[in-house]
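Here the structure comes first, spelled out in C-alpha cells, and everything after it is commentary.
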Amino acid sequence: MNTDTNSENLPDHGSSGAAETPARKRPKPGERRLQILQTLAGMLEQPGAERITTAALSAKLGVSEAALYRHFASKAQMFEGLIDFVEQSVFAFVRQIADREPAGPAQVARTIALILQFAEKNPGMARVMTGDALVFENERLQERMNLLFDKLESAFKQSLREGGPQSDTPTVDAQVTASLLVAFMMGRMQRFARSGFKRLPSENLQASLARVL
C-alpha cells in the first residue's frame, strides 16, 4: 500500500542488544492496524490471489487470528480500512487538480490520469476499486466502491459542463461523456487486475482520453 507511512517506519521488533536482550516492544494499536492493512494490501497484490482469509492474513503477520480481532471487529472492517485509503487518495486528487486547472476536459483528463497512476502503483487497491477483491465479502463494501465512482462521475459531469464547449444540450453531453469516462477508467483497472498486473492502466492513456474528450 503506497502510503507515506509504511512498514519501514514501524519499530524494529527483531533487534537485540549486545549486552542484554531488551524486552520485546509491542507496537502501538495504530501501528498494528496499519501493519495489518499493509499486509492485506500486499496479499492482494499477488497475481491470481484467491479470497484472503483471516487465517492466511494472521499467518502472514505471524500473529493469531484473535490478535487481528483486537484491532478490527471483522474482516469487512479491514477492507473498509483499505477503502478509506482509496477514498482519501482519490478525492485528494480531485481537489488537487481542481485547484490547479480550470474546469473542462483537461481537468478531467488529468484527474483520471492520477487515479489510474494510483491504481498502477497500488495493485492491491486496483483490485479493491474494481470489486475483484470484494467478491464474497460483505455487500456494503461493494456499495461503497459504487458510491465512489458515482461521485467521480458527478465531479466529471460538473467539470465538463462548466468548462466544456457549448452545445444545444451541454448537460446531456456532459453526462454521457462523464459516464463513458468512468466506464473507461474502471475497464482499465479491471484489465490491469485480470492480466496479473501486466496490462498497465497508463498504456496509451493520453491518446485514448483524447479520443473520448
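Labels used: A, B, ... for chains in the order of the C-alpha cells, numbers from 1 for residues in each chain, and numbers from 1 for ligands as shown.
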
Discussion item. Please list as a PyMOL selection string every residue within 10 Å of Leu37 in chain A, counting only C-alpha atoms and excluding residues in the same chain fewer than 2 positions away.
Written reply: chain A and resi 1+31-35+39-43+57+78-82+85

Fill in: Residue set, range 129-187 of chain A restricted to helix (DSSP H, G or I), as a PyMOL selection string
chain A and resi 129-130+132-134+139-163+170-187

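The residue set within 10 Å of Val94 in chain A, counting only C-alpha atoms and dropping same-chain residues fewer than 2 places from it, reads Ser89, Val90, Phe91, Ala92, Gln96, Ile97, Ala98, Asp99, Gln107, Val108, Arg110, Thr111, Ile112, Leu114, Ile115, Leu152, Ala155 and Phe156 of chain A.
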
Worksheet item: A:Gly124, A:Arg188, A:Ile36, A:Leu141: which is nearest Gly62 in chain A, counting only C-alpha atoms?
Response: A:Ile36

Worksheet entry | Contacts of Ala210 in chain A at 12 Å (only C-alpha atoms; same-chain gap of 3+ positions) as a PyMOL selection string | chain A and resi 105-106+108-110+181+204-207+213

Write the residues of the preceding selection, restricted to N, CA and C atoms, as a JSON list (two decimals), in the first residue's frame.
[["chain", "number", "residue", "atom", "x", "y", "z"],
["A", 105, "PRO", "N", -12.36, 19.61, -20.04],
["A", 105, "PRO", "CA", -11.79, 18.30, -20.41],
["A", 105, "PRO", "C", -10.37, 18.08, -19.89],
["A", 106, "ALA", "N", -9.52, 19.12, -19.91],
["A", 106, "ALA", "CA", -8.14, 18.94, -19.45],
["A", 106, "ALA", "C", -8.10, 18.60, -17.97],
["A", 108, "VAL", "N", -10.47, 17.06, -16.23],
["A", 108, "VAL", "CA", -10.96, 15.69, -16.06],
["A", 108, "VAL", "C", -9.90, 14.68, -16.50],
["A", 109, "ALA", "N", -9.25, 14.94, -17.62],
["A", 109, "ALA", "CA", -8.22, 14.02, -18.12],
["A", 109, "ALA", "C", -7.08, 13.88, -17.13],
["A", 110, "ARG", "N", -6.67, 14.99, -16.54],
["A", 110, "ARG", "CA", -5.58, 14.96, -15.57],
["A", 110, "ARG", "C", -5.99, 14.18, -14.32],
["A", 181, "LEU", "N", -16.36, 8.05, -19.40],
["A", 181, "LEU", "CA", -15.02, 8.16, -18.81],
["A", 181, "LEU", "C", -14.87, 7.27, -17.58],
["A", 204, "ASN", "N", -1.00, 3.93, -23.36],
["A", 204, "ASN", "CA", -1.62, 4.80, -24.38],
["A", 204, "ASN", "C", -2.74, 5.65, -23.81],
["A", 205, "LEU", "N", -2.55, 6.10, -22.58],
["A", 205, "LEU", "CA", -3.66, 6.77, -21.88],
["A", 205, "LEU", "C", -4.01, 8.12, -22.51],
["A", 206, "GLN", "N", -3.03, 8.94, -22.79],
["A", 206, "GLN", "CA", -3.33, 10.28, -23.31],
["A", 206, "GLN", "C", -4.03, 10.20, -24.66],
["A", 207, "ALA", "N", -3.57, 9.29, -25.51],
["A", 207, "ALA", "CA", -4.22, 9.15, -26.82],
["A", 207, "ALA", "C", -5.65, 8.64, -26.67],
["A", 213, "LEU", "N", -12.44, 12.66, -25.30],
["A", 213, "LEU", "CA", -12.69, 14.06, -24.97],
["A", 213, "LEU", "C", -12.56, 14.99, -26.16]]

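Taking CA of Leu180 in chain A as the reference point, CA of Lys157 in chain A is found at 10.6 Å.
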
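Counting from CA of Ala66 in chain A, the distance to CA of Gln88 in chain A is 28.8 Å.
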
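Among the candidates A:Pro47, A:Pro123, A:Arg211, A:Arg144, the one nearest to Ser195 in chain A when counting only C-alpha atoms is A:Pro47.
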
Worksheet entry | Contacts of Ala133 in chain A within 8 Å, only C-alpha atoms, excl. fewer than 5 positions in-chain, as a list in words | Leu44, Arg51, Arg127 and Val128 of chain A

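Straight-line separation from CA of Leu209 in chain A to CA of Ser159 in chain A: 15.3 Å.
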